[in-house]
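Novice: I am sharing work-v3.txt, which consists of compact mmCIF, C-alpha atoms:
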# COMPACT_ATOMS: atom_id res chain seq x y z
CA MET F 514 232.13 114.72 -106.28
CA MET F 515 235.45 116.36 -105.68
CA LEU F 516 237.84 114.36 -103.51
CA LYS F 517 238.53 117.21 -101.10
CA LYS F 518 234.81 117.40 -100.30
CA ASP F 519 234.55 113.61 -99.94
CA ALA F 520 234.90 112.47 -96.33
CA ASN F 521 236.20 109.08 -97.51
CA PHE F 522 239.38 110.63 -98.88
CA ARG F 523 242.24 112.44 -97.20
CA ARG F 524 244.89 114.25 -99.20
CA LEU F 525 248.50 113.47 -98.44
CA LYS F 526 250.94 116.35 -98.42
CA VAL F 527 253.08 114.74 -101.10
CA GLY F 528 253.17 115.08 -104.88
CA GLY F 529 252.53 118.36 -106.66
CA LEU F 530 253.62 119.89 -109.95
CA GLY F 531 256.18 118.32 -112.25
CA PRO F 532 257.55 118.99 -115.72
CA LEU F 533 254.84 116.91 -117.42
CA GLY F 534 251.87 117.57 -115.16
CA SER F 535 250.74 117.23 -111.59
CA ALA F 536 250.03 114.36 -109.23
CA SER F 537 248.12 114.24 -105.97
CA TYR F 538 247.88 111.41 -103.47
CA TRP F 539 244.68 110.53 -101.60
CA LEU F 540 244.18 108.00 -98.85
CA ALA F 541 240.88 106.14 -98.84
CA LYS F 542 239.66 103.49 -96.40
CA ASP F 543 241.23 100.61 -98.28
CA HIS F 544 243.42 102.10 -101.00
CA LEU F 545 245.79 104.85 -102.09
CA LEU F 546 244.44 106.84 -105.03
CA VAL F 547 246.96 108.62 -107.22
CA VAL F 548 245.46 111.32 -109.46
CA GLU F 549 247.72 112.39 -112.31
CA VAL F 550 246.80 115.36 -114.46
CA ILE F 551 248.70 115.17 -117.72
CA SER F 552 247.83 117.61 -120.53
CA TYR F 553 244.09 117.17 -121.18
CA SER F 554 243.39 114.09 -119.13
CA GLU F 555 243.18 113.04 -115.54
CA ARG F 556 244.38 109.51 -114.77
CA TYR F 557 243.57 107.49 -111.70
CA ARG F 558 245.63 104.71 -110.18
CA ARG F 559 244.46 102.76 -107.16
CA PHE F 560 246.76 100.75 -104.95
CA TYR F 561 244.79 98.58 -102.54
CA PHE F 562 246.43 98.23 -99.14
CA ARG F 563 245.88 94.46 -99.15
CA ASP F 564 247.95 94.16 -102.37
CA LEU F 565 250.97 96.29 -101.45
CA GLN F 566 254.12 94.28 -100.85
CA ALA F 567 256.79 96.95 -100.56
CA VAL F 568 257.70 100.60 -100.99
CA ILE F 569 261.11 101.13 -102.58
CA VAL F 570 262.68 104.56 -102.12
CA GLN F 571 265.90 105.24 -103.98
CA GLN F 572 268.05 108.36 -103.88
CA THR F 573 268.79 110.19 -107.13
CA GLY F 574 271.35 112.82 -108.09
CA ALA F 575 268.81 115.36 -109.37
CA ARG F 576 269.34 117.79 -106.48
CA LYS F 577 273.10 117.75 -107.00
CA GLY F 578 272.65 118.26 -110.76
CA TRP F 579 270.33 121.25 -110.36
CA ASN F 580 272.56 122.75 -107.67
CA ILE F 581 275.62 122.46 -109.91
CA GLY F 582 273.69 124.09 -112.79
CA PHE F 583 272.39 127.00 -110.71
CA GLY F 584 275.72 127.34 -108.86
CA VAL F 585 277.72 127.62 -112.09
CA ALA F 586 275.23 130.15 -113.50
CA LEU F 587 275.39 132.16 -110.28
CA LEU F 588 279.18 132.11 -110.33
CA ILE F 589 279.29 133.30 -113.96
CA ALA F 590 276.82 136.09 -113.11
CA LEU F 591 278.95 137.06 -110.10
CA VAL F 592 282.14 137.24 -112.18
CA ILE F 593 280.41 139.34 -114.86
CA ALA F 594 278.96 141.62 -112.17
CA LEU F 595 282.37 142.09 -110.55
CA VAL F 596 283.88 143.04 -113.92
CA LEU F 597 281.06 145.29 -115.17
CA LEU F 598 279.53 146.80 -112.07
CA PRO F 599 282.32 149.20 -111.01
CA GLY F 600 282.43 150.65 -114.53
CA ALA F 601 278.64 150.91 -114.75
CA LEU F 602 278.37 152.91 -111.55
CA ARG F 603 279.51 156.52 -111.74
CA GLY F 604 282.52 156.96 -109.52
CA GLY F 605 282.39 153.29 -108.50
CA PHE F 606 279.65 154.02 -105.99
CA PRO F 607 275.87 154.30 -106.43
CA SER F 608 275.03 157.98 -106.56
CA GLY F 609 271.91 158.41 -108.72
CA GLY F 610 268.74 156.90 -110.15
CA ASP F 611 270.53 155.08 -113.01
CA ASP F 612 273.00 153.50 -110.60
CA TYR F 613 270.19 152.13 -108.49
CA GLY F 614 268.58 150.78 -111.67
CA VAL F 615 271.78 148.88 -112.55
CA ILE F 616 271.98 147.50 -109.01
CA GLY F 617 268.31 146.51 -109.20
CA ILE F 618 268.82 144.57 -112.45
CA TRP F 619 271.80 142.69 -111.03
CA SER F 620 269.92 141.95 -107.81
CA ALA F 621 267.08 140.49 -109.86
CA ILE F 622 269.56 138.30 -111.78
CA PHE F 623 271.07 137.01 -108.52
CA LEU F 624 267.61 136.42 -107.08
CA VAL F 625 266.46 134.44 -110.15
CA LEU F 626 269.54 132.22 -109.95
CA GLY F 627 270.03 132.10 -106.20
CA LEU F 628 266.47 131.48 -105.02
CA PRO F 629 266.01 128.15 -106.88
CA LEU F 630 269.45 127.09 -105.58
CA LEU F 631 268.39 127.87 -102.03
CA VAL F 632 264.94 126.23 -102.37
CA ASN F 633 266.43 123.14 -104.02
CA THR F 634 268.96 122.79 -101.21
CA LEU F 635 266.39 123.28 -98.46
CA ARG F 636 263.92 120.76 -99.92
CA GLY F 637 266.40 117.97 -99.24
CA PRO F 638 267.69 114.98 -101.21
CA THR F 639 265.83 113.76 -104.30
CA CYS F 640 264.57 110.24 -104.84
CA THR F 641 262.29 107.95 -106.80
CA VAL F 642 259.49 105.99 -105.12
CA HIS F 643 258.14 102.68 -106.39
CA LEU F 644 255.21 100.68 -105.06
CA ARG F 645 255.44 96.94 -105.50
CA THR F 646 252.49 94.56 -105.69
CA ALA F 647 252.45 90.88 -106.65
CA VAL F 648 252.04 91.73 -110.32
CA GLN F 649 253.79 95.06 -110.89
CA THR F 650 256.26 97.65 -109.61
CA GLN F 651 254.91 101.12 -110.29
CA LYS F 652 256.82 104.39 -110.09
CA LEU F 653 255.02 107.22 -108.31
CA ARG F 654 255.00 110.50 -110.24
CA ASN F 655 256.06 113.85 -108.81
CA LEU F 656 257.18 112.29 -105.55
CA THR F 657 260.84 113.21 -105.80
CA ARG F 658 261.98 114.32 -102.35
CA TRP F 659 263.25 111.90 -99.71
CA ARG F 660 261.39 113.79 -96.96
CA LYS F 661 258.07 113.45 -98.80
CA ALA F 662 258.74 109.77 -99.45
CA GLU F 663 259.30 109.28 -95.72
CA LEU F 664 255.98 111.03 -95.09
CA LEU F 665 254.22 108.70 -97.53
CA VAL F 666 255.75 105.64 -95.83
CA THR F 667 254.75 106.98 -92.39
CA GLU F 668 251.15 107.54 -93.49
CA LEU F 669 250.82 104.40 -95.58
CA GLY F 670 252.66 101.91 -93.35
CA PRO F 671 250.15 101.50 -90.48
CA LEU F 672 247.16 101.37 -92.86
CA VAL F 673 248.76 98.68 -95.03
CA GLN F 674 249.86 96.69 -91.97
CA SER F 675 246.38 96.73 -90.42
CA ALA F 676 244.62 95.95 -93.75
CA GLN F 677 246.92 92.99 -94.36
CA ALA F 678 246.60 91.76 -90.76
CA ALA F 679 242.80 91.83 -91.11
CA SER F 680 243.05 90.07 -94.47
CA ALA F 681 245.33 87.37 -93.04
CA ALA F 682 243.08 86.92 -89.99
CA ALA F 683 240.03 86.47 -92.22
CA SER F 684 241.92 83.93 -94.26
CA VAL F 685 243.01 81.99 -91.16
CA ALA F 686 239.45 81.96 -89.85
CA SER F 687 238.10 80.54 -93.09
CA SER F 688 240.85 77.98 -93.70
CA ASP F 689 241.72 74.63 -92.24
CA PRO F 690 243.52 74.88 -88.85
CA ALA F 691 246.38 72.83 -90.27
CA ASP F 692 247.00 75.47 -92.93
CA ALA F 693 246.62 78.40 -90.53
CA ALA F 694 250.36 78.94 -90.20
CA THR F 695 250.86 79.46 -93.93
CA ALA F 696 247.54 81.14 -94.65
CA ALA F 697 247.40 83.62 -97.48
CA PRO F 698 244.59 86.15 -97.86
CA PRO F 699 241.79 85.46 -100.30
CA GLY F 700 242.30 86.61 -103.89
CA MET T 1405 247.91 74.29 -103.29
CA SER T 1406 249.57 77.69 -103.68
CA VAL T 1407 252.64 78.97 -105.47
CA PRO T 1408 255.45 80.23 -103.17
CA ALA T 1409 255.90 84.00 -102.88
CA ASN T 1410 258.21 85.75 -105.34
CA ARG T 1411 260.88 87.06 -102.97
CA SER T 1412 263.03 88.85 -105.53
CA VAL T 1413 262.96 92.67 -105.52
CA PRO T 1414 264.61 94.13 -108.62
CA CYS T 1415 266.40 97.44 -108.14
CA PRO T 1416 264.33 100.05 -110.05
CA ARG T 1417 267.56 101.60 -111.35
CA CYS T 1418 269.77 98.66 -112.39
CA ALA T 1419 267.34 95.71 -112.11
CA ALA T 1420 269.75 93.76 -109.86
CA ASP T 1421 268.03 91.65 -107.21
CA LEU T 1422 268.00 93.67 -103.98
CA ALA T 1423 267.00 90.58 -101.98
CA GLY T 1424 269.89 88.52 -103.34
CA GLY T 1425 272.53 89.91 -100.93
CA PRO T 1426 273.37 88.89 -97.37
CA VAL T 1427 271.75 92.00 -95.83
CA GLU T 1428 268.06 91.92 -94.76
CA LEU T 1429 265.95 93.87 -97.25
CA SER T 1430 264.45 96.17 -94.62
CA ALA T 1431 267.95 97.10 -93.38
CA LEU T 1432 269.47 97.47 -96.84
CA PRO T 1433 271.59 100.65 -97.00
CA GLN T 1434 272.12 100.65 -100.76
CA CYS T 1435 271.70 98.58 -103.91
CA PRO T 1436 274.55 96.03 -103.92
CA ALA T 1437 275.05 96.48 -107.68
CA CYS T 1438 274.63 100.20 -108.44
CA GLU T 1439 275.38 101.36 -104.86
CA VAL T 1440 272.53 103.89 -104.83
CA GLU T 1441 271.09 104.62 -101.39
CA THR T 1442 267.92 102.55 -101.18
CA ARG T 1443 265.23 102.05 -98.58
CA VAL T 1444 262.91 99.08 -98.89
CA VAL T 1445 259.83 98.99 -96.65
CA LEU T 1446 258.28 95.55 -96.66
CA PHE T 1447 254.71 94.63 -95.80
CA PRO T 1448 253.35 91.21 -94.75
CA ALA T 1449 251.96 90.57 -98.26
CA PHE T 1450 255.57 90.27 -99.48
CA ASP T 1451 255.75 86.82 -97.85
CA TRP T 1452 252.31 85.63 -98.88
CA PRO T 1453 252.23 82.84 -101.43
CA PHE T 1454 250.30 83.43 -104.64
CA ALA T 1455 246.63 82.49 -104.26
CA GLU T 1456 245.46 79.28 -105.78
CA ALA T 1457 244.01 79.58 -109.29
CA VAL T 1458 240.22 79.58 -109.35
CA ARG T 1459 238.65 76.51 -110.96
CA ALA T 1460 234.98 76.18 -111.79
CA GLU T 1461 233.38 72.89 -110.79
CA LEU T 1462 231.60 70.72 -113.35
CA VAL T 1463 227.91 69.91 -112.91
CA VAL T 1464 227.54 66.52 -111.22
CA LEU T 1465 223.80 66.16 -110.67
CA THR T 1466 221.04 66.85 -113.18
CA GLY T 1467 218.87 69.80 -112.19
CA GLU T 1468 221.76 71.63 -110.49
CA ALA T 1469 221.93 75.36 -111.11
CA THR T 1470 224.50 76.14 -113.79
CA CYS T 1471 226.52 79.15 -114.85
CA PHE T 1472 224.77 81.45 -117.36
CA TYR T 1473 227.95 81.68 -119.45
CA HIS T 1474 229.14 78.06 -118.96
CA PRO T 1475 226.15 75.66 -118.91
CA GLN T 1476 228.40 72.71 -118.03
CA LYS T 1477 229.77 74.43 -114.85
CA ARG T 1478 228.09 74.48 -111.45
CA ALA T 1479 226.62 77.85 -110.30
CA HIS T 1480 228.65 79.39 -107.52
CA VAL T 1481 227.04 82.77 -106.85
CA PRO T 1482 224.49 85.12 -108.51
CA CYS T 1483 225.69 88.38 -110.10
CA ASP T 1484 224.95 91.31 -107.77
CA ALA T 1485 223.97 93.51 -110.71
CA CYS T 1486 221.93 91.31 -113.08
CA GLY T 1487 221.19 88.23 -110.92
CA ARG T 1488 222.52 85.70 -113.43
CA PHE T 1489 224.06 82.56 -111.95
CA LEU T 1490 227.84 82.49 -112.25
CA CYS T 1491 230.46 79.78 -111.90
CA ALA T 1492 233.63 80.44 -109.86
CA LEU T 1493 235.43 81.44 -113.05
CA CYS T 1494 232.87 84.11 -114.06
CA ASP T 1495 232.49 85.50 -110.52
CA LEU T 1496 234.48 88.75 -110.54
CA ASP T 1497 235.09 90.30 -107.15
CA VAL T 1498 234.93 94.10 -107.26
CA ASN T 1499 235.39 95.40 -103.72
CA GLY T 1500 233.26 92.63 -102.25
CA ALA T 1501 230.57 92.72 -104.95
CA HIS T 1502 230.12 89.69 -107.23
CA LEU T 1503 229.79 90.74 -110.85
CA CYS T 1504 229.58 88.86 -114.13
CA PRO T 1505 232.00 89.84 -116.94
CA GLN T 1506 229.24 91.59 -118.89
CA CYS T 1507 228.10 93.77 -115.95
CA LEU T 1508 231.72 94.59 -115.21
CA GLU T 1509 232.29 95.71 -118.80
CA THR T 1510 229.05 97.72 -118.88
CA GLY T 1511 229.85 99.29 -115.51
CA ALA T 1512 233.33 100.25 -116.66
CA LYS T 1513 232.05 101.71 -119.95
CA LYS T 1514 229.30 103.76 -118.33
CA SER T 1515 231.49 104.85 -115.38
CA ARG T 1516 229.11 103.20 -112.89
CA LEU T 1517 232.00 101.52 -111.09
CA PRO T 1518 234.31 104.22 -109.76
CA GLU T 1519 236.89 101.56 -108.84
CA LEU T 1520 237.36 100.78 -112.52
CA GLU T 1521 237.51 104.33 -113.82
CA ARG T 1522 241.02 105.05 -115.02
CA GLU T 1523 240.79 108.32 -116.91
CA ARG T 1524 238.68 111.41 -117.47
CA THR T 1525 239.10 114.12 -120.07
CA ARG T 1526 239.74 117.59 -118.68
CA TRP T 1527 237.41 119.63 -120.89
CA ASP T 1528 238.14 122.77 -118.86
CA ARG T 1529 241.78 122.56 -119.92
CA ILE T 1530 240.81 122.07 -123.56
CA VAL T 1531 238.54 125.13 -123.35
CA SER T 1532 241.26 127.21 -121.69
CA THR T 1533 243.66 126.30 -124.51
CA LEU T 1534 241.02 127.29 -127.07
CA LEU T 1535 240.56 130.62 -125.31
CA PHE T 1536 244.12 131.63 -124.47
CA ALA T 1537 246.41 129.95 -127.03
CA PRO T 1538 245.13 132.10 -129.97
CA LEU T 1539 245.94 135.26 -127.98
CA VAL T 1540 249.61 134.33 -128.31
CA LEU T 1541 249.69 132.24 -131.47
CA CYS T 1542 247.09 133.61 -133.89
CA TRP T 1543 244.75 136.30 -132.57
CA VAL T 1544 242.87 136.65 -135.88
CA LEU T 1545 241.26 133.27 -135.12
CA LEU T 1546 239.73 134.58 -131.86
CA PRO T 1547 236.09 134.84 -133.08
CA LEU T 1548 236.24 131.23 -134.30
CA THR T 1549 238.08 129.73 -131.30
CA SER T 1550 235.91 131.52 -128.72
CA LEU T 1551 232.80 130.26 -130.52
CA VAL T 1552 234.20 126.71 -130.54
CA ALA T 1553 235.01 127.09 -126.82
CA LEU T 1554 231.38 128.09 -126.13
CA VAL T 1555 230.12 125.08 -128.08
CA VAL T 1556 232.46 122.75 -126.15
CA ILE T 1557 231.34 124.26 -122.81
CA GLY T 1558 227.67 123.67 -123.69
CA TRP T 1559 228.35 120.18 -125.05
CA LYS T 1560 230.47 118.97 -122.13
CA TRP T 1561 228.80 120.83 -119.26
CA LYS T 1562 227.42 117.54 -117.88
CA ALA T 1563 230.51 115.43 -118.62
CA PRO T 1564 232.04 113.71 -115.56
CA PRO T 1565 233.95 116.48 -113.77
CA SER T 1566 237.51 116.38 -112.48
CA LEU T 1567 238.07 114.76 -109.09
CA VAL T 1568 240.67 117.30 -108.00
CA SER T 1569 239.52 120.66 -109.32
CA ASN T 1570 236.15 122.32 -109.71
CA THR T 1571 235.50 121.88 -113.42
CA ARG T 1572 232.03 123.47 -113.36
CA ILE T 1573 233.32 126.75 -111.87
CA SER T 1574 236.19 126.80 -114.38
CA LEU T 1575 233.79 126.16 -117.27
CA GLY T 1576 231.46 128.91 -115.99
CA VAL T 1577 234.30 131.43 -115.83
CA TYR T 1578 235.54 130.33 -119.27
CA ALA T 1579 232.03 130.74 -120.68
CA ALA T 1580 232.03 134.39 -119.53
CA VAL T 1581 235.54 134.87 -120.96
CA ALA T 1582 234.47 133.23 -124.25
CA VAL T 1583 231.43 135.56 -124.58
CA LEU T 1584 233.60 138.62 -123.90
CA GLN T 1585 236.29 137.35 -126.23
CA PHE T 1586 233.81 136.63 -129.02
CA GLY T 1587 232.18 140.05 -128.65
CA GLY T 1588 235.52 141.84 -128.43
CA SER T 1589 237.09 140.01 -131.35
CA VAL T 1590 234.04 140.50 -133.61
CA PHE T 1591 234.09 144.22 -132.73
CA MET T 1592 237.81 144.30 -133.53
CA TRP T 1593 237.19 142.65 -136.90
CA TRP T 1594 234.45 145.17 -137.60
CA LEU T 1595 236.80 148.03 -136.70
CA ILE T 1596 239.46 146.69 -139.06
CA PHE T 1597 237.34 145.77 -142.08
CA ALA T 1598 234.09 147.72 -141.82
CA GLY T 1599 234.74 150.31 -139.12
CA PRO T 1600 234.19 154.09 -139.05
CA HIS T 1601 237.04 154.71 -141.53
CA THR T 1602 235.19 152.79 -144.24
CA LEU T 1603 232.01 154.74 -143.46
CA THR T 1604 233.97 157.99 -143.82
CA THR T 1605 235.36 156.78 -147.16
CA THR T 1606 231.85 155.94 -148.37
CA VAL T 1607 230.51 159.37 -147.37
CA GLN T 1608 233.39 161.14 -149.18
Kindly return the structure encoded in the file as structure tokens.

Specialist:
Amino acid sequence: MMLKKDANFRRLKVGGLGPLGSASYWLAKDHLLVVEVISYSERYRRFYFRDLQAVIVQQTGARKGWNIGFGVALLIALVIALVLLPGALRGGFPSGGDDYGVIGIWSAIFLVLGLPLLVNTLRGPTCTVHLRTAVQTQKLRNLTRWRKAELLVTELGPLVQSAQAASAAASVASSDPADAATAAPPG
Amino acid sequence: MSVPANRSVPCPRCAADLAGGPVELSALPQCPACEVETRVVLFPAFDWPFAEAVRAELVVLTGEATCFYHPQKRAHVPCDACGRFLCALCDLDVNGAHLCPQCLETGAKKSRLPELERERTRWDRIVSTLLFAPLVLCWVLLPLTSLVALVVIGWKWKAPPSLVSNTRISLGVYAAVAVLQFGGSVFMWWLIFAGPHTLTTTVQ
């Protein structure tokens, strides 16, 4: 059964496409399911709320790097356009079909370079997200924007807190009253 | 007796201990070593000590129920799948169910336990590569690759589908594409090697 048709799962608006594949994040009753599609396989990773110890979000310089790359390319294109365009247009001003064609080509070049720059800037700072359990620290794929990481923490936080509170309460109920203060959940 | 919690949090970037500094982890502005902006959200489990290791009890009285896999250990619980008695060591907790190691292995192999499933093959993607890659790379192979794609579709039609995209619909569409591609490519081959021009040559 597909997850989007399964009432037990709710898709988080984080993840998406990346250079090596895609990743989607699904909240179930007691765990976070990460579905990674890489080449010809689909991999599943489950993080049970009772096991999660921490979420570590760390800023990266990827946005700055991409912006510098696109900015430099845009600047080079602008310089070339300023040098070539007046000569390419008859009389220095668009006056015919060919002139509009030249302007169209240059507009397309600026759009191809400028649009990713704009989108990259608007999407906000980049980051890496790691989930820590008692036995491992796992990096989450295709979750590279700080805003999306905040969304994940907002969605995940209350569920993990309540699952761990229930787990601790069950442990306290089943343990000796003397040990209640330091009770750990079963397992 | 339990082992104290591991309170060190290594920085994912430089591996320095984020919890080693004077600042509270939850209020940490950046990694003290690599100075990268870092946010650590802690949950209660961070402070929990490690659970005590499970130990199976030895049989004390004769006639006591014993573990199927360890006859010298006292039975703790029956397996929810096969009913065999299990000691505390063989009792594997899978989302509240008690399973023996053999049922767990069988369940994992036969995909009966969704919690243990880690990977599925995306046959629809393999078929799409078989159908569309030759169009760019080597179109003369089209009759062969479309036929192979049809065989794969028939063979893997009932394979466990993807959890995130509708594999059956994709395979259905690819089957139609493969039939068209096979017909079209065979016709193209016929045109090239045994088409009307060869008939004309024969008549002349």

Novice: Between T:Leu1595, T:Cys1494, T:Arg1459, T:Lys1562, which one has atoms that come closest to Pro1475 of chain T, using all atoms listed in the file?

Specialist: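 When distances to Pro1475 of chain T are compared using all atoms listed in the file, the smallest one comes from T:Cys1494.
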
Novice: Tell me as a list in words which residues belonging to chain T come within 7 Å of chain F, counting all atoms listed in the file.

Specialist: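 Putting it all together, I get Val1440, Glu1441, Thr1442, Arg1443, Val1444, Val1445, Leu1446, Phe1447, Pro1448, Ala1449, Phe1450, Trp1452, Pro1453, Ala1455, Arg1522, Glu1523, Arg1524, Thr1525, Arg1526, Arg1529, Ile1530, Leu1567, Val1568 and Ser1569 of chain T.
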
Novice: Which distance in Å separates atom CA of Pro638 of chain F and atom CA of Leu656 of chain F, to one decimal?

Specialist: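 Atom-to-atom, atom CA of Pro638 of chain F and atom CA of Leu656 of chain F are spaced 11.7 Å apart.
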
Novice: Do you have the atom CA of Asn1499 of chain T-atom CA of Leu1517 of chain T distance handy?

Specialist: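 These two atoms are separated by 10.2 Å.
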
Novice: Could you check how far atom CA of Ser535 of chain F sits from atom CA of Ala1580 of chain T, in Å to one decimal?

Specialist: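 That distance, rounded to one decimal, is 26.6 Å.
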
Novice: Fewer than 2 positions away in the same chain doesn't count, so skip those; otherwise give me all residues within 10 Å of segment 1476-1480 of chain T, counting all atoms listed in the file, as a list in words.

Specialist: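 Close residues of segment 1476-1480 of chain T: Arg1459, Ala1460, Glu1461, Leu1462, Val1463, Val1464, Leu1465, Glu1468, Ala1469, Thr1470, Cys1471, Phe1472, Tyr1473, His1474, Pro1482, Cys1483, Arg1488, Phe1489, Leu1490, Cys1491, Ala1492, Leu1493, Cys1494 and Asp1495 of chain T.
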
Novice: Set the distance at 12 Å and use all atoms listed in the file: which residues neighbour Gly1587 of chain T once local chain neighbours fewer than 3 positions away are removed? I'd like the list as a ChimeraX atom specification.

Specialist: /T:1546-1548,1550-1551,1580-1584,1590-1594

Novice: Can those selected residues be exported to a file as a short mmCIF file (atom, residue, chain, number, x, y, z; two decimals), in the coordinates of the input so that it contains C-alpha atoms?

Specialist:
data_model
loop_
_atom_site.label_atom_id
_atom_site.label_comp_id
_atom_site.auth_asym_id
_atom_site.auth_seq_id
_atom_site.Cartn_x
_atom_site.Cartn_y
_atom_site.Cartn_z
CA LEU T 1546 239.73 134.58 -131.86
CA PRO T 1547 236.09 134.84 -133.08
CA LEU T 1548 236.24 131.23 -134.30
CA SER T 1550 235.91 131.52 -128.72
CA LEU T 1551 232.80 130.26 -130.52
CA ALA T 1580 232.03 134.39 -119.53
CA VAL T 1581 235.54 134.87 -120.96
CA ALA T 1582 234.47 133.23 -124.25
CA VAL T 1583 231.43 135.56 -124.58
CA LEU T 1584 233.60 138.62 -123.90
CA VAL T 1590 234.04 140.50 -133.61
CA PHE T 1591 234.09 144.22 -132.73
CA MET T 1592 237.81 144.30 -133.53
CA TRP T 1593 237.19 142.65 -136.90
CA TRP T 1594 234.45 145.17 -137.60
#

Novice: Padding of 6 Å on every side, edges along x, y and z, all listed atoms of segment 575-587 of chain F included: what centre and edge lengths in Å, to one decimal, does that box have, as JSON?

Specialist:
{"center_x": 273.3, "center_y": 123.8, "center_z": -110.0, "size_x": 20.9, "size_y": 28.8, "size_z": 19.0}

Novice: With all atoms listed in the file as the basis for distance, which of F:Leu598, F:Ile581, F:Leu665, F:Ala621 is at the shortest distance from Leu545 of chain F?

Specialist: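 Answer, going by the shortest atom-to-atom distance: F:Leu665.
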
Novice: Skipping near chain neighbours, those fewer than 4 positions away, what residues fall within 7 Å of Asn580 of chain F using all atoms listed in the file, listed as JSON, numbers by chain?

Specialist: {"F": [576, 584, 630]}
